[in-house]
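Novice: Handing you this structure, nothing more for now.
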Amino acid sequence: MAFDVARIRGLFPALGDGWIHFDGGTGMLVPEQVASAVSTAMRAPVSGPGGAFPASQRAESIVAAARRAVADLVGGEPDGVVLGPSASVLIARLADTLSTRWTIGDEVVVSRLDEEANIAPWLRAMNRVGGKARWGEIDIENCELPEWQYRDLVGGRTKAVAVTAASGAVGTRPDLEPITSAAQQAGALMVVDATYAAPFVPLDMSTLGADVVVLSAQAWGGPAIGALVFRDPDLLSQLPPAALSPEATGPERLELGPHPYPLLAGLIASVDYLAGLDDSATGTRRERLLTSLGSAKSYQEGLLDQLSADLRSLPHVTVLGAPVRRIPALAFYADGRKASDVADYLARQGLCAFADPGSCGLFEALGIGEVGGAVRIGLAHYSNGFEIGQLTRVLAELP
């Protein structure tokens, strides 16, 4: 393993702002190579696809390369990669498209562990057709998502099962195998939101068992681009088209309007950045991604153990949950203090973190609103032990 955090920190010009960033859960800072790829593509002549001249051919090559890059990240096929402005937009588009064939009494299964982006579109789809949403509940003690409940949640009327590969709030990585098995037995579409897992965990579609994997490049320092990756590209031809052109085929059936080609160039560069996290990674980009993300996972596990132990040592701080498998994200609350006040205090000390009032989603299920909400801490590839020590010191002196 050769995960050199000092080298990696040097790839991020924004770290020169003097702040300590624990806001990785909302999207990492942008590496220089991604910013350069975007600006270079904006300076080059790029036209719409379909022309016989270089600017048009350049557009086509950028789109094709972007699909290959995303496919390499998850072990999928380029022909199954749908590109769009964000993960939330694409999930909504997928739910809208699928629901045109649903009817009264059909069901979807969502979970309390997920972000609203992978919940709200499915609920709206069910409301439109007179269907029902069923909920996977979390264990409020450890913030796990018990897989056994899906044996009863998924049934003959289930059309889709939507679940996260990792929570960006409390870090939980649920055991997806029993969930995907239940979905497959019922003939339901399995949609896995890998937005928060992708920057830290090597992903493989066959292992996940997902029919569709959802990604957001911003999560790992890429541009504002989302993607849906279909395990079986042929499934795209079976969906009602959402595209403006009725003649659209393949991934274009779920894509609207022209692509932002400079951002797609940045997407390609961001996947290459992930593949280069480990200095010793060799082979194809897919092989380098597996090596680099494996090294990132090991590094972050140590960092998260330090963070969790430090925070739990503070008598006035309560860390939410204790999931066995997790990504480097957690949430905590301070006794007798609103989360917004704690986040403001951290900001005055030069630390970036977000407060959640606990009025919706996962934190509502945990009853966090009753104690003033929770502060979310999301680590990033460039986080280090010194910064965690600073967070602990500042929280220890919380007035």
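In the structure tokens, the first chain shown is A, the next is B, and so on; residue numbers restart at 1 for each chain, and ligands run from 1 in the order shown.
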List the spatial neighbours of A:Ala339 as a list in words - criterion: any atom at most 9 Å away, only C-alpha atoms, same-chain residues fewer than 6 positions off excluded.

Specialist: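 Contacts, with the query itself left out: Phe332, Tyr333, Phe354, Ala355, Asp356, Pro357, Val371, Gly372, Gly373, Ala374 and Val375 of chain A.
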
Novice: If you count only C-alpha atoms, which residues fall within 8 Å of A:Ser47, apart from same-chain ones fewer than 6 positions away, as a count of residues only?

Specialist: 4

Novice: Which is closest to A:Trp19 among A:Gly257, A:Gly222, A:Gly378, A:Gly350, if we use only C-alpha atoms?

Specialist: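 Distance minimum relative to A:Trp19 lands on A:Gly350.
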
Novice: Near stretch 215-217 of chain A, within 12 Å and counting only C-alpha atoms, which residues show up once chain neighbours fewer than 5 positions away are dropped, as a VMD selection string?

Specialist: chain A and resid 25 to 30 34 66 69 to 71 73 to 74 81 to 91 117 to 118 164 to 166 191 to 199 203 222 to 230 263 to 274

Novice: Out of stretch 169-369 of chain A, which residues get strand (DSSP E or B) from DSSP, as a count of residues only?

Specialist: 32

Novice: Quick one: of A:Glu115, A:Glu364, A:Asp79, A:Asp341, who's nearest to A:Arg67, counting only C-alpha atoms?

Specialist: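 Using only C-alpha atoms, A:Arg67 sits closest to A:Asp79.
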
Novice: Considering only C-alpha atoms, state which residue in the set A:Thr282, A:Pro399, A:Phe3, A:Pro262 is at the smallest distance from A:Thr40.

Specialist: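 Selected residue with least distance to A:Thr40: A:Pro262.
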
Novice: Skip A:Glu387 itself and residues of its chain fewer than 5 positions away, then list as an mmCIF file with C-alpha atoms, in the first residue's frame all residues within 12 Å of it, counting only C-alpha atoms.

Specialist:
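Done, and the output landed in out_22.cif:
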data_model
loop_
_atom_site.group_PDB
_atom_site.id
_atom_site.type_symbol
_atom_site.label_atom_id
_atom_site.label_comp_id
_atom_site.auth_asym_id
_atom_site.auth_seq_id
_atom_site.Cartn_x
_atom_site.Cartn_y
_atom_site.Cartn_z
ATOM 1 C CA GLY A 18 -6.440 27.819 5.795
ATOM 2 C CA TRP A 19 -9.582 25.972 6.868
ATOM 3 C CA ILE A 20 -9.812 22.383 8.081
ATOM 4 C CA HIS A 21 -12.437 20.642 5.964
ATOM 5 C CA PHE A 22 -14.721 18.104 7.598
ATOM 6 C CA LEU A 303 -8.397 7.693 10.505
ATOM 7 C CA LEU A 304 -12.017 6.966 11.353
ATOM 8 C CA GLN A 306 -8.955 7.685 15.644
ATOM 9 C CA LEU A 307 -11.797 10.157 15.122
ATOM 10 C CA ASP A 310 -11.321 10.746 20.266
ATOM 11 C CA GLY A 350 -11.495 27.401 11.383
ATOM 12 C CA LEU A 351 -13.196 24.007 11.026
ATOM 13 C CA CYS A 352 -15.876 23.290 8.399
ATOM 14 C CA LEU A 379 -13.625 12.890 6.008
ATOM 15 C CA ALA A 380 -11.948 13.112 2.614
ATOM 16 C CA TYR A 382 -6.871 14.661 2.103
ATOM 17 C CA THR A 392 -10.922 16.949 19.286
ATOM 18 C CA ARG A 393 -9.067 19.804 20.974
ATOM 19 C CA VAL A 394 -11.610 22.392 19.843
#

Novice: Which residue out of A:Thr103, A:Ser298, A:Ser340, A:Thr284 has the minimum interatomic distance to A:Gly130 when only C-alpha atoms are used?

Specialist: A:Thr103

Novice: Using DSSP assignments from the backbone, pull out every residue in stretch 84-267 of chain A that falls under alpha helix (DSSP H) and give it to me as a PyMOL selection string.

Specialist: chain A and resi 87-99+120-129+150-153+177-186+205-208+234-237+261-267

Novice: If you measure from atom CA of A:Gly171 to atom CA of A:Ile327, what distance in Å do you get, rounded to one decimal?

Specialist: 4.8 Å

Novice: If you count only C-alpha atoms, which residues fall within 12 Å of A:Gly105, apart from same-chain ones fewer than 2 positions away, as a list in words?

Specialist: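 These residues fall inside the cut-off: Trp102, Thr103, Glu107, Val108, Met126, Asn127, Arg128, Val129, Gly130, Gly131, Lys132, Ala133, Arg134, Gly155, Gly156, Arg157, Thr158 and Lys159 of chain A.
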
Novice: Output C-alpha atoms for every residue in that selection, as a short mmCIF file (atom, residue, chain, number, x, y, z; two decimals), in the first residue's frame.

Specialist:
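What follows is the written file part07.cif:
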data_model
loop_
_atom_site.label_atom_id
_atom_site.label_comp_id
_atom_site.auth_asym_id
_atom_site.auth_seq_id
_atom_site.Cartn_x
_atom_site.Cartn_y
_atom_site.Cartn_z
CA TRP A 102 -46.81 0.89 -12.64
CA THR A 103 -50.36 0.78 -11.35
CA GLU A 107 -44.93 -1.08 -4.23
CA VAL A 108 -41.41 0.26 -3.83
CA MET A 126 -46.00 5.83 -5.86
CA ASN A 127 -48.30 8.76 -5.12
CA ARG A 128 -48.90 9.28 -8.83
CA VAL A 129 -49.94 5.69 -9.52
CA GLY A 130 -51.73 4.97 -6.25
CA GLY A 131 -49.03 2.62 -5.06
CA LYS A 132 -47.39 2.11 -1.70
CA ALA A 133 -43.93 2.73 -0.28
CA ARG A 134 -42.58 0.34 2.31
CA GLY A 155 -43.04 -9.09 -2.21
CA GLY A 156 -44.86 -9.90 -5.40
CA ARG A 157 -46.01 -6.31 -5.98
CA THR A 158 -42.58 -4.77 -5.39
CA LYS A 159 -41.35 -2.95 -8.49
#

Novice: State, in Å with one decimal place, the distance from atom CA of A:Pro174 to atom CA of A:Ser295.

Specialist: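 Interatomic distance, atom CA of A:Pro174 to atom CA of A:Ser295: 20.8 Å.
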
Novice: Identify, on the basis of only C-alpha atoms, every residue whose closest approach to A:Thr97 does not exceed 9 Å; exclude the query and any residue fewer than 3 positions from it along the same chain; express the result as a list of chain:residue names.

Specialist: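 The neighbour list is A:Ala92, A:Arg93, A:Leu94, A:Thr100, A:Arg101, A:Leu239, A:Pro240, A:Pro241, A:Ala242, A:Leu254.
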
Novice: What's around A:Arg285 at 8 Å? Count only C-alpha atoms, leave out sequence neighbours fewer than 3 positions away in its own chain, and write the answer as an MDAnalysis selection string.

Specialist: chainID A and resid 72 272 275 288:289

Novice: Considering only C-alpha atoms, can you say which of A:Thr172, A:Ser292, A:Ser99, A:Asn142 comes closest to A:Trp122?

Specialist: A:Ser99

Novice: Quote the spacing between atom CA of A:Leu189 and atom CA of A:Val110 in Å to one decimal place.

Specialist: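 Calculated distance between atom CA of A:Leu189 and atom CA of A:Val110 is 12.1 Å.
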